[in-house]
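Report on the structure given below.
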Amino acid sequence: MEFLNAYTFGFCEKRGFTGGVAWQHSLEAMAKTTGCNAVILPVTAWQEHPWSTEIDSEGPNVMDAGDVASVCAEARRLGLKVILKAMVNCRDGAWRAFIRFFDPPVPCEPCWADWFAAWTKHVCRVADMAEANGADMLCVGCEMVGTDDREGEWRALIGEVRGRYHGPITYNCDKYQEDRVAWWDAVDVISSSGYYPIDRLEENFERIRLAAERANRPFMFMECGCPARAGSEFRPNDWRFGQGTDMEAQRRWYEAFTQAVLEHPFVRGVGWWDWHATRLYPEFAGPDDNGYCTWGKPANDVLAAFAEALQGKN
């Protein structure tokens with residue numbers, strides 16, 4: 001598997017966001033300053049709460065096929081590969097990992113069958129976009145820990161998706177779940193969210209390596225990153241955590257993580273989280289932003305150096 005040095009772009013953008021030009025300038029800045037060779041475009045649907053069985057996949061808050069086609073075309077112009085990623089968020093603010101229903105089902109209560117029917121519809125919609133735009137990979141879900149043990153439903157979903165999209169398929173499990181998913185043989189690539197503490201990288205990389213070997217599948221981090229906040233290098237998964245803006249904390253994490261990737265060749269890709277599309281702040285304002293985006297921050301230079309190191313290895 002060719003190494004994918006990707007950056008997530010346009011998370012939670014709404015329908016029609018490609019109508020202006022801000023996103024184009026943002027994507028070009030991402031490509032030129034980080035050296036990434038791929039973009040991950042998340043098509044994010046919405047449900048009301050973790051036990052809702054209705055998923056809004058075509059409303060005004062969800063990018064449409066025209067937006068996806070525009071980003072894919074611009075990415076190709078910039079020489080980037082494209083990964084489309086089906087995602088869902090809960091409008092009440094709950095994390096999608098908590099989506100779960102009674103098992104066995106209880107009459108008159110929300111059930112797995114209804115939710116998976118709605119989720120499959122959204123994923124198939126994204127699969128159709130991936131096929132139409134020649135996407136280089138399709139991710140069929142993200143950090144859905146509460147659903148991971150529904151092996152039969154996931155296998156059925158992936159089977160249906162393969163009838164629509166003919167490229168490689170992955171599923172983005174959450175951190176610490178790489179060795180807990182029983183259906184990795186159904187996908188082509190194992191991927192996970194690599195928000196691991198700076199002082200626990202080696203032990204987790206080794207655990208993941210063993211899991212990938214057992215599954216006999218290539219592995220990539222579909223998400224990874226760290227906010228620019230004091231202490232976040234030890235808790236990079238929590239966007240609410242931190243003791244104030246700290247560029248060096250973010251830089252230290254990126255240096256440690258990129259070095260770990262270079263030292264572990266079983267890792268065949270990374271997906272940095274996340275670069276803004278229409279809401280990108282000016283470059284000079286980077287030192288005032290404590291979020292994940294590396295634009296205008298020392299961590300961006302780390303990514304550029306990482307891209308050069310990858311070129312040297314190839």
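Chain labels A, B, ... are given in the sequence in which chains occur in the structure tokens; within each chain residues are numbered consecutively from 1, and ligands are likewise numbered from 1 in the order shown.
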> Leaving out segment 294-311 of chain A and any residue of its chain fewer than 2 positions from it, which residues lie within 9 Å of it when counting only C-alpha atoms, given as a VMD selection string?
Replying inline: chain A and resid 3 5 29 to 30 32 to 37 227 to 228 247 to 248 250 to 255 258 to 259 262 273 to 275 280 to 287 289 291 to 292 313 to 314
Taking 4 positions as the minimum chain separation for residues in the same chain, which residues sit within 12 Å of Val82 of chain A when counting only C-alpha atoms? Answer as an mmCIF file with N, CA and C atoms, in the first residue's frame.
data_model
loop_
_atom_site.group_PDB
_atom_site.id
_atom_site.type_symbol
_atom_site.label_atom_id
_atom_site.label_comp_id
_atom_site.auth_asym_id
_atom_site.auth_seq_id
_atom_site.Cartn_x
_atom_site.Cartn_y
_atom_site.Cartn_z
ATOM 1 N N LEU A 4 -0.077 6.980 2.488
ATOM 2 C CA LEU A 4 -1.007 8.098 2.344
ATOM 3 C C LEU A 4 -0.762 9.100 3.461
ATOM 4 N N ASN A 5 -0.224 10.237 3.110
ATOM 5 C CA ASN A 5 0.021 11.329 4.058
ATOM 6 C C ASN A 5 -1.115 12.330 3.872
ATOM 7 N N ALA A 6 -2.215 12.100 4.585
ATOM 8 C CA ALA A 6 -3.465 12.826 4.321
ATOM 9 C C ALA A 6 -3.798 13.818 5.423
ATOM 10 N N TYR A 7 -4.675 14.742 5.081
ATOM 11 C CA TYR A 7 -5.199 15.712 6.049
ATOM 12 C C TYR A 7 -6.716 15.748 5.870
ATOM 13 N N THR A 8 -7.455 15.657 6.974
ATOM 14 C CA THR A 8 -8.916 15.785 6.901
ATOM 15 C C THR A 8 -9.280 17.228 6.587
ATOM 16 N N PHE A 9 -10.210 17.412 5.663
ATOM 17 C CA PHE A 9 -10.556 18.741 5.151
ATOM 18 C C PHE A 9 -12.073 18.894 5.089
ATOM 19 N N CYS A 36 1.314 17.203 2.185
ATOM 20 C CA CYS A 36 0.429 16.038 2.152
ATOM 21 C C CYS A 36 0.202 15.579 0.712
ATOM 22 N N ASN A 37 -0.028 14.288 0.553
ATOM 23 C CA ASN A 37 -0.306 13.766 -0.783
ATOM 24 C C ASN A 37 -1.739 13.285 -0.938
ATOM 25 N N ALA A 38 -2.567 13.516 0.089
ATOM 26 C CA ALA A 38 -3.956 13.057 0.028
ATOM 27 C C ALA A 38 -4.826 13.936 0.920
ATOM 28 N N VAL A 39 -6.110 13.940 0.603
ATOM 29 C CA VAL A 39 -7.095 14.663 1.408
ATOM 30 C C VAL A 39 -8.196 13.694 1.810
ATOM 31 N N ILE A 40 -8.647 13.796 3.048
ATOM 32 C CA ILE A 40 -9.779 13.024 3.541
ATOM 33 C C ILE A 40 -10.973 13.960 3.627
ATOM 34 N N LEU A 41 -12.022 13.639 2.888
ATOM 35 C CA LEU A 41 -13.216 14.479 2.868
ATOM 36 C C LEU A 41 -14.341 13.763 3.610
ATOM 37 N N PRO A 42 -14.717 14.240 4.808
ATOM 38 C CA PRO A 42 -15.787 13.589 5.566
ATOM 39 C C PRO A 42 -17.164 14.110 5.157
ATOM 40 N N VAL A 68 -18.868 17.384 -3.158
ATOM 41 C CA VAL A 68 -17.866 16.319 -3.195
ATOM 42 C C VAL A 68 -17.144 16.320 -4.539
ATOM 43 N N ALA A 69 -17.891 16.462 -5.623
ATOM 44 C CA ALA A 69 -17.274 16.466 -6.946
ATOM 45 C C ALA A 69 -16.308 17.641 -7.100
ATOM 46 N N SER A 70 -16.689 18.801 -6.568
ATOM 47 C CA SER A 70 -15.825 19.984 -6.672
ATOM 48 C C SER A 70 -14.524 19.794 -5.910
ATOM 49 N N VAL A 71 -14.616 19.269 -4.683
ATOM 50 C CA VAL A 71 -13.402 19.056 -3.889
ATOM 51 C C VAL A 71 -12.520 17.995 -4.534
ATOM 52 N N CYS A 72 -13.132 16.921 -5.023
ATOM 53 C CA CYS A 72 -12.343 15.873 -5.672
ATOM 54 C C CYS A 72 -11.604 16.414 -6.894
ATOM 55 N N ALA A 73 -12.279 17.226 -7.692
ATOM 56 C CA ALA A 73 -11.652 17.779 -8.891
ATOM 57 C C ALA A 73 -10.493 18.709 -8.529
ATOM 58 N N GLU A 74 -10.689 19.546 -7.514
ATOM 59 C CA GLU A 74 -9.629 20.458 -7.090
ATOM 60 C C GLU A 74 -8.467 19.689 -6.486
ATOM 61 N N ALA A 75 -8.765 18.651 -5.726
ATOM 62 C CA ALA A 75 -7.706 17.830 -5.146
ATOM 63 C C ALA A 75 -6.860 17.200 -6.245
ATOM 64 N N ARG A 76 -7.513 16.696 -7.274
ATOM 65 C CA ARG A 76 -6.768 16.097 -8.400
ATOM 66 C C ARG A 76 -5.875 17.140 -9.064
ATOM 67 N N ARG A 77 -6.394 18.356 -9.212
ATOM 68 C CA ARG A 77 -5.594 19.418 -9.828
ATOM 69 C C ARG A 77 -4.332 19.695 -9.026
ATOM 70 N N LEU A 78 -4.445 19.545 -7.703
ATOM 71 C CA LEU A 78 -3.308 19.789 -6.819
ATOM 72 C C LEU A 78 -2.431 18.554 -6.641
ATOM 73 N N MET A 129 -20.820 8.446 -4.402
ATOM 74 C CA MET A 129 -19.977 9.613 -4.677
ATOM 75 C C MET A 129 -18.533 9.184 -4.900
ATOM 76 N N ALA A 130 -18.066 8.247 -4.073
ATOM 77 C CA ALA A 130 -16.697 7.763 -4.221
ATOM 78 C C ALA A 130 -16.479 7.110 -5.583
ATOM 79 N N GLU A 131 -17.436 6.310 -6.017
ATOM 80 C CA GLU A 131 -17.339 5.653 -7.317
ATOM 81 C C GLU A 131 -17.375 6.662 -8.457
ATOM 82 N N ASN A 133 -16.501 9.713 -8.490
ATOM 83 C CA ASN A 133 -15.358 10.628 -8.526
ATOM 84 C C ASN A 133 -14.016 9.908 -8.482
ATOM 85 N N GLY A 134 -14.042 8.590 -8.592
ATOM 86 C CA GLY A 134 -12.796 7.838 -8.613
ATOM 87 C C GLY A 134 -11.983 7.979 -7.350
ATOM 88 N N ALA A 135 -12.643 8.005 -6.194
ATOM 89 C CA ALA A 135 -11.932 8.142 -4.928
ATOM 90 C C ALA A 135 -10.954 7.001 -4.729
ATOM 91 N N ASP A 136 -9.845 7.284 -4.069
ATOM 92 C CA ASP A 136 -8.793 6.293 -3.879
ATOM 93 C C ASP A 136 -9.068 5.364 -2.706
ATOM 94 N N MET A 137 -9.998 5.742 -1.839
ATOM 95 C CA MET A 137 -10.387 4.896 -0.718
ATOM 96 C C MET A 137 -11.714 5.407 -0.179
ATOM 97 N N LEU A 138 -12.466 4.491 0.450
ATOM 98 C CA LEU A 138 -13.730 4.834 1.095
ATOM 99 C C LEU A 138 -13.691 4.337 2.531
ATOM 100 N N CYS A 139 -14.012 5.217 3.463
ATOM 101 C CA CYS A 139 -14.105 4.857 4.875
ATOM 102 C C CYS A 139 -15.587 4.793 5.245
ATOM 103 N N GLY A 167 -13.250 0.434 -5.128
ATOM 104 C CA GLY A 167 -11.913 0.691 -4.618
ATOM 105 C C GLY A 167 -11.753 0.119 -3.222
ATOM 106 N N PRO A 168 -10.604 0.370 -2.585
ATOM 107 C CA PRO A 168 -10.347 -0.155 -1.243
ATOM 108 C C PRO A 168 -11.245 0.483 -0.185
ATOM 109 N N GLY A 271 -3.795 10.418 8.810
ATOM 110 C CA GLY A 271 -4.838 11.366 8.435
ATOM 111 C C GLY A 271 -4.922 12.455 9.487
#
> Looking at only C-alpha atoms, which of A:Gln177, A:Asn172, A:Thr120, A:Thr245 is the one that sits closest to Glu160 of chain A?
Replying inline: A:Thr120
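If only C-alpha atoms are the atoms counted, then among A:Asp64, A:Ile99, A:Ala22, A:Glu2 the closest residue to Gln47 of chain A is A:Ile99.
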Identify all residues of segment 24-141 of chain A in alpha helix (DSSP H) (DSSP on the backbone) and supply them as an mmCIF file with N, CA and C atoms, in the first residue's frame.
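The result, written out as states32.cif:
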data_model
loop_
_atom_site.group_PDB
_atom_site.id
_atom_site.type_symbol
_atom_site.label_atom_id
_atom_site.label_comp_id
_atom_site.auth_asym_id
_atom_site.auth_seq_id
_atom_site.Cartn_x
_atom_site.Cartn_y
_atom_site.Cartn_z
ATOM 1 N N GLN A 24 -11.142 26.694 -1.800
ATOM 2 C CA GLN A 24 -10.079 26.377 -2.753
ATOM 3 C C GLN A 24 -8.737 26.921 -2.270
ATOM 4 N N HIS A 25 -8.750 28.182 -1.800
ATOM 5 C CA HIS A 25 -7.520 28.764 -1.273
ATOM 6 C C HIS A 25 -7.019 27.963 -0.071
ATOM 7 N N SER A 26 -7.956 27.496 0.748
ATOM 8 C CA SER A 26 -7.596 26.732 1.933
ATOM 9 C C SER A 26 -6.972 25.393 1.553
ATOM 10 N N LEU A 27 -7.579 24.683 0.609
ATOM 11 C CA LEU A 27 -7.058 23.388 0.188
ATOM 12 C C LEU A 27 -5.669 23.535 -0.431
ATOM 13 N N GLU A 28 -5.480 24.581 -1.214
ATOM 14 C CA GLU A 28 -4.175 24.803 -1.828
ATOM 15 C C GLU A 28 -3.119 25.099 -0.769
ATOM 16 N N ALA A 29 -3.476 25.910 0.233
ATOM 17 C CA ALA A 29 -2.537 26.209 1.320
ATOM 18 C C ALA A 29 -2.174 24.939 2.081
ATOM 19 N N MET A 30 -3.153 24.082 2.308
ATOM 20 C CA MET A 30 -2.901 22.810 2.997
ATOM 21 C C MET A 30 -1.900 21.960 2.215
ATOM 22 N N ALA A 31 -2.140 21.821 0.912
ATOM 23 C CA ALA A 31 -1.285 20.982 0.084
ATOM 24 C C ALA A 31 0.131 21.531 0.008
ATOM 25 N N LYS A 32 0.253 22.837 -0.178
ATOM 26 C CA LYS A 32 1.565 23.440 -0.403
ATOM 27 C C LYS A 32 2.406 23.516 0.861
ATOM 28 N N THR A 33 1.780 23.758 2.015
ATOM 29 C CA THR A 33 2.578 23.988 3.222
ATOM 30 C C THR A 33 2.828 22.743 4.050
ATOM 31 N N THR A 34 2.009 21.717 3.901
ATOM 32 C CA THR A 34 2.207 20.500 4.690
ATOM 33 C C THR A 34 2.901 19.395 3.911
ATOM 34 N N ALA A 65 -23.539 15.924 -3.391
ATOM 35 C CA ALA A 65 -22.686 15.315 -4.406
ATOM 36 C C ALA A 65 -21.920 16.367 -5.207
ATOM 37 N N GLY A 66 -22.524 17.546 -5.410
ATOM 38 C CA GLY A 66 -21.831 18.612 -6.129
ATOM 39 C C GLY A 66 -20.627 19.120 -5.366
ATOM 40 N N ASP A 67 -20.760 19.256 -4.043
ATOM 41 C CA ASP A 67 -19.630 19.685 -3.217
ATOM 42 C C ASP A 67 -18.505 18.657 -3.285
ATOM 43 N N VAL A 68 -18.868 17.384 -3.158
ATOM 44 C CA VAL A 68 -17.866 16.319 -3.195
ATOM 45 C C VAL A 68 -17.144 16.320 -4.539
ATOM 46 N N ALA A 69 -17.891 16.462 -5.623
ATOM 47 C CA ALA A 69 -17.274 16.466 -6.946
ATOM 48 C C ALA A 69 -16.308 17.641 -7.100
ATOM 49 N N SER A 70 -16.689 18.801 -6.568
ATOM 50 C CA SER A 70 -15.825 19.984 -6.672
ATOM 51 C C SER A 70 -14.524 19.794 -5.910
ATOM 52 N N VAL A 71 -14.616 19.269 -4.683
ATOM 53 C CA VAL A 71 -13.402 19.056 -3.889
ATOM 54 C C VAL A 71 -12.520 17.995 -4.534
ATOM 55 N N CYS A 72 -13.132 16.921 -5.023
ATOM 56 C CA CYS A 72 -12.343 15.873 -5.672
ATOM 57 C C CYS A 72 -11.604 16.414 -6.894
ATOM 58 N N ALA A 73 -12.279 17.226 -7.692
ATOM 59 C CA ALA A 73 -11.652 17.779 -8.891
ATOM 60 C C ALA A 73 -10.493 18.709 -8.529
ATOM 61 N N GLU A 74 -10.689 19.546 -7.514
ATOM 62 C CA GLU A 74 -9.629 20.458 -7.090
ATOM 63 C C GLU A 74 -8.467 19.689 -6.486
ATOM 64 N N ALA A 75 -8.765 18.651 -5.726
ATOM 65 C CA ALA A 75 -7.706 17.830 -5.146
ATOM 66 C C ALA A 75 -6.860 17.200 -6.245
ATOM 67 N N ARG A 76 -7.513 16.696 -7.274
ATOM 68 C CA ARG A 76 -6.768 16.097 -8.400
ATOM 69 C C ARG A 76 -5.875 17.140 -9.064
ATOM 70 N N ARG A 77 -6.394 18.356 -9.212
ATOM 71 C CA ARG A 77 -5.594 19.418 -9.828
ATOM 72 C C ARG A 77 -4.332 19.695 -9.026
ATOM 73 N N TRP A 112 -31.542 -1.837 16.595
ATOM 74 C CA TRP A 112 -30.385 -1.882 15.707
ATOM 75 C C TRP A 112 -30.780 -1.955 14.239
ATOM 76 N N ALA A 113 -31.793 -2.741 13.919
ATOM 77 C CA ALA A 113 -32.153 -2.935 12.515
ATOM 78 C C ALA A 113 -32.519 -1.616 11.852
ATOM 79 N N ASP A 114 -33.292 -0.781 12.561
ATOM 80 C CA ASP A 114 -33.703 0.492 11.977
ATOM 81 C C ASP A 114 -32.514 1.432 11.830
ATOM 82 N N TRP A 115 -31.640 1.440 12.852
ATOM 83 C CA TRP A 115 -30.487 2.342 12.758
ATOM 84 C C TRP A 115 -29.554 1.917 11.628
ATOM 85 N N PHE A 116 -29.255 0.626 11.538
ATOM 86 C CA PHE A 116 -28.339 0.178 10.487
ATOM 87 C C PHE A 116 -28.933 0.390 9.096
ATOM 88 N N ALA A 117 -30.255 0.329 8.977
ATOM 89 C CA ALA A 117 -30.876 0.620 7.687
ATOM 90 C C ALA A 117 -30.611 2.068 7.289
ATOM 91 N N ALA A 118 -30.748 2.982 8.267
ATOM 92 C CA ALA A 118 -30.504 4.401 7.991
ATOM 93 C C ALA A 118 -29.027 4.658 7.736
ATOM 94 N N TRP A 119 -28.158 4.027 8.524
ATOM 95 C CA TRP A 119 -26.718 4.232 8.345
ATOM 96 C C TRP A 119 -26.248 3.661 7.013
ATOM 97 N N THR A 120 -26.744 2.501 6.637
ATOM 98 C CA THR A 120 -26.373 1.901 5.361
ATOM 99 C C THR A 120 -26.773 2.808 4.202
ATOM 100 N N LYS A 121 -27.927 3.436 4.311
ATOM 101 C CA LYS A 121 -28.373 4.354 3.255
ATOM 102 C C LYS A 121 -27.386 5.505 3.091
ATOM 103 N N HIS A 122 -26.917 6.066 4.203
ATOM 104 C CA HIS A 122 -25.952 7.167 4.115
ATOM 105 C C HIS A 122 -24.620 6.681 3.550
ATOM 106 N N VAL A 123 -24.129 5.559 4.049
ATOM 107 C CA VAL A 123 -22.837 5.065 3.574
ATOM 108 C C VAL A 123 -22.903 4.735 2.086
ATOM 109 N N CYS A 124 -24.011 4.160 1.639
ATOM 110 C CA CYS A 124 -24.150 3.853 0.217
ATOM 111 C C CYS A 124 -24.198 5.133 -0.620
ATOM 112 N N ARG A 125 -24.793 6.162 -0.073
ATOM 113 C CA ARG A 125 -24.799 7.453 -0.775
ATOM 114 C C ARG A 125 -23.363 7.963 -0.946
ATOM 115 N N VAL A 126 -22.561 7.854 0.102
ATOM 116 C CA VAL A 126 -21.162 8.277 0.007
ATOM 117 C C VAL A 126 -20.389 7.353 -0.921
ATOM 118 N N ALA A 127 -20.711 6.063 -0.902
ATOM 119 C CA ALA A 127 -20.058 5.117 -1.805
ATOM 120 C C ALA A 127 -20.318 5.474 -3.264
ATOM 121 N N ASP A 128 -21.538 5.882 -3.564
ATOM 122 C CA ASP A 128 -21.857 6.299 -4.929
ATOM 123 C C ASP A 128 -21.019 7.513 -5.329
ATOM 124 N N MET A 129 -20.820 8.446 -4.402
ATOM 125 C CA MET A 129 -19.977 9.613 -4.677
ATOM 126 C C MET A 129 -18.533 9.184 -4.900
ATOM 127 N N ALA A 130 -18.066 8.247 -4.073
ATOM 128 C CA ALA A 130 -16.697 7.763 -4.221
ATOM 129 C C ALA A 130 -16.479 7.110 -5.583
ATOM 130 N N GLU A 131 -17.436 6.310 -6.017
ATOM 131 C CA GLU A 131 -17.339 5.653 -7.317
ATOM 132 C C GLU A 131 -17.375 6.662 -8.457
ATOM 133 N N ALA A 132 -18.302 7.619 -8.344
ATOM 134 C CA ALA A 132 -18.463 8.609 -9.418
ATOM 135 C C ALA A 132 -17.234 9.490 -9.580
#
>> For a quick check of understanding, using only C-alpha atoms, which of A:Gln243, A:Val270, A:Val187, A:Val261 has the smallest distance to Phe221 of chain A?
In response: A:Val270
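Between atom CA of Gly269 of chain A and atom CA of Phe241 of chain A there is a distance of 26.5 Å.
For the choices A:Pro110, A:Tyr196, A:Leu201, A:Ala212, the atom-to-atom distance to Cys224 of chain A is smallest for A:Tyr196 when using only C-alpha atoms.
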>> For Glu13 of chain A, find every residue with an atom within 10 Å (counting only C-alpha atoms), except residues of its own chain fewer than 2 positions away, and show them as an MDAnalysis selection string.
In response: chainID A and resid 9:11 15:18 41:44 60:64 67 276:279
Residues from the last selection, N, CA, C and O atoms, saved as a PDB file, in the first residue's frame:
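The new file again_6.pdb reads:
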ATOM      1  N   PHE A   9     -10.210  17.412   5.663  1.00  0.00           N
ATOM      2  CA  PHE A   9     -10.556  18.741   5.151  1.00  0.00           C
ATOM      3  C   PHE A   9     -12.073  18.894   5.089  1.00  0.00           C
ATOM      4  O   PHE A   9     -12.780  18.019   4.592  1.00  0.00           O
ATOM      5  N   GLY A  10     -12.582  20.009   5.635  1.00  0.00           N
ATOM      6  CA  GLY A  10     -13.994  20.333   5.462  1.00  0.00           C
ATOM      7  C   GLY A  10     -14.946  19.616   6.388  1.00  0.00           C
ATOM      8  O   GLY A  10     -16.113  19.406   6.038  1.00  0.00           O
ATOM      9  N   PHE A  11     -14.495  19.237   7.595  1.00  0.00           N
ATOM     10  CA  PHE A  11     -15.374  18.551   8.545  1.00  0.00           C
ATOM     11  C   PHE A  11     -16.583  19.420   8.870  1.00  0.00           C
ATOM     12  O   PHE A  11     -16.458  20.587   9.212  1.00  0.00           O
ATOM     13  N   ARG A  15     -24.129  21.896   2.875  1.00  0.00           N
ATOM     14  CA  ARG A  15     -24.440  21.834   1.442  1.00  0.00           C
ATOM     15  C   ARG A  15     -24.156  23.179   0.778  1.00  0.00           C
ATOM     16  O   ARG A  15     -24.534  24.235   1.286  1.00  0.00           O
ATOM     17  N   GLY A  16     -23.459  23.135  -0.346  1.00  0.00           N
ATOM     18  CA  GLY A  16     -23.174  24.344  -1.110  1.00  0.00           C
ATOM     19  C   GLY A  16     -21.934  25.088  -0.679  1.00  0.00           C
ATOM     20  O   GLY A  16     -21.666  26.183  -1.191  1.00  0.00           O
ATOM     21  N   PHE A  17     -21.117  24.515   0.231  1.00  0.00           N
ATOM     22  CA  PHE A  17     -19.957  25.267   0.721  1.00  0.00           C
ATOM     23  C   PHE A  17     -18.925  25.531  -0.368  1.00  0.00           C
ATOM     24  O   PHE A  17     -18.098  26.428  -0.243  1.00  0.00           O
ATOM     25  N   THR A  18     -18.995  24.768  -1.465  1.00  0.00           N
ATOM     26  CA  THR A  18     -18.042  24.989  -2.543  1.00  0.00           C
ATOM     27  C   THR A  18     -18.501  26.077  -3.513  1.00  0.00           C
ATOM     28  O   THR A  18     -17.860  26.295  -4.539  1.00  0.00           O
ATOM     29  N   LEU A  41     -12.022  13.639   2.888  1.00  0.00           N
ATOM     30  CA  LEU A  41     -13.216  14.479   2.868  1.00  0.00           C
ATOM     31  C   LEU A  41     -14.341  13.763   3.610  1.00  0.00           C
ATOM     32  O   LEU A  41     -14.885  12.760   3.120  1.00  0.00           O
ATOM     33  N   PRO A  42     -14.717  14.240   4.808  1.00  0.00           N
ATOM     34  CA  PRO A  42     -15.787  13.589   5.566  1.00  0.00           C
ATOM     35  C   PRO A  42     -17.164  14.110   5.157  1.00  0.00           C
ATOM     36  O   PRO A  42     -17.424  15.317   5.207  1.00  0.00           O
ATOM     37  N   VAL A  43     -18.033  13.202   4.741  1.00  0.00           N
ATOM     38  CA  VAL A  43     -19.416  13.552   4.425  1.00  0.00           C
ATOM     39  C   VAL A  43     -20.224  13.211   5.680  1.00  0.00           C
ATOM     40  O   VAL A  43     -20.517  12.049   5.947  1.00  0.00           O
ATOM     41  N   THR A  44     -20.551  14.248   6.453  1.00  0.00           N
ATOM     42  CA  THR A  44     -21.080  14.057   7.799  1.00  0.00           C
ATOM     43  C   THR A  44     -22.583  14.238   7.849  1.00  0.00           C
ATOM     44  O   THR A  44     -23.105  15.327   7.598  1.00  0.00           O
ATOM     45  N   PRO A  60     -29.798  20.315   4.508  1.00  0.00           N
ATOM     46  CA  PRO A  60     -28.920  21.454   4.220  1.00  0.00           C
ATOM     47  C   PRO A  60     -27.631  21.474   5.033  1.00  0.00           C
ATOM     48  O   PRO A  60     -26.690  22.190   4.682  1.00  0.00           O
ATOM     49  N   ASN A  61     -27.563  20.703   6.118  1.00  0.00           N
ATOM     50  CA  ASN A  61     -26.352  20.675   6.933  1.00  0.00           C
ATOM     51  C   ASN A  61     -25.364  19.595   6.494  1.00  0.00           C
ATOM     52  O   ASN A  61     -24.363  19.358   7.180  1.00  0.00           O
ATOM     53  N   VAL A  62     -25.661  18.939   5.370  1.00  0.00           N
ATOM     54  CA  VAL A  62     -24.793  17.866   4.863  1.00  0.00           C
ATOM     55  C   VAL A  62     -24.333  18.237   3.459  1.00  0.00           C
ATOM     56  O   VAL A  62     -25.159  18.561   2.596  1.00  0.00           O
ATOM     57  N   MET A  63     -23.018  18.197   3.216  1.00  0.00           N
ATOM     58  CA  MET A  63     -22.530  18.496   1.867  1.00  0.00           C
ATOM     59  C   MET A  63     -23.146  17.523   0.865  1.00  0.00           C
ATOM     60  O   MET A  63     -23.461  16.380   1.206  1.00  0.00           O
ATOM     61  N   ASP A  64     -23.342  17.978  -0.364  1.00  0.00           N
ATOM     62  CA  ASP A  64     -23.997  17.138  -1.360  1.00  0.00           C
ATOM     63  C   ASP A  64     -23.006  16.644  -2.405  1.00  0.00           C
ATOM     64  O   ASP A  64     -21.794  16.900  -2.330  1.00  0.00           O
ATOM     65  N   ASP A  67     -20.760  19.256  -4.043  1.00  0.00           N
ATOM     66  CA  ASP A  67     -19.630  19.685  -3.217  1.00  0.00           C
ATOM     67  C   ASP A  67     -18.505  18.657  -3.285  1.00  0.00           C
ATOM     68  O   ASP A  67     -17.333  19.009  -3.432  1.00  0.00           O
ATOM     69  N   HIS A 276      -9.430  23.352   8.241  1.00  0.00           N
ATOM     70  CA  HIS A 276     -10.708  24.004   7.951  1.00  0.00           C
ATOM     71  C   HIS A 276     -10.820  24.349   6.464  1.00  0.00           C
ATOM     72  O   HIS A 276      -9.820  24.643   5.808  1.00  0.00           O
ATOM     73  N   ALA A 277     -12.030  24.325   5.962  1.00  0.00           N
ATOM     74  CA  ALA A 277     -12.279  24.654   4.554  1.00  0.00           C
ATOM     75  C   ALA A 277     -12.694  26.121   4.413  1.00  0.00           C
ATOM     76  O   ALA A 277     -11.877  26.982   4.106  1.00  0.00           O
ATOM     77  N   THR A 278     -13.962  26.427   4.686  1.00  0.00           N
ATOM     78  CA  THR A 278     -14.438  27.804   4.548  1.00  0.00           C
ATOM     79  C   THR A 278     -14.144  28.651   5.786  1.00  0.00           C
ATOM     80  O   THR A 278     -14.232  29.875   5.728  1.00  0.00           O
ATOM     81  N   ARG A 279     -13.779  28.009   6.892  1.00  0.00           N
ATOM     82  CA  ARG A 279     -13.592  28.743   8.150  1.00  0.00           C
ATOM     83  C   ARG A 279     -12.124  28.838   8.560  1.00  0.00           C
ATOM     84  O   ARG A 279     -11.820  29.027   9.734  1.00  0.00           O
TER      85      ARG A 279
END
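Among the candidate residues A:Ile83, A:Val140, A:Cys226, A:Val88, the one lying nearest to Cys173 of chain A is A:Val140, with distances computed using only C-alpha atoms.
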> Which neighbours of Leu210 of chain A fall inside 12 Å, counting only C-alpha atoms, when residues of the same chain fewer than 3 positions from it are skipped, and could you give them as a ChimeraX atom specification?
Replying inline: /A:178-179,203-207,213-219,264,266-267
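Nearest to Ala211 of chain A of all the residues A:Trp154, A:Tyr195, A:Trp184, A:Phe101 is A:Trp184, based on only C-alpha atoms.
Between atom CA of Ala156 of chain A and atom CA of Cys12 of chain A lies a distance of 27.0 Å.
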> Could you state the separation of atom CA of Trp46 of chain A and atom CA of Tyr171 of chain A in Å, given to one decimal place?
Replying inline: 18.5 Å
>> Could you pull out the strand (DSSP E) residues of segment 33-272 of chain A, going by DSSP on the backbone, and write them as number ranges by chain?
In response: A: 38-47, 81-90, 137-142, 169-173, 189-193, 219-224, 267-272
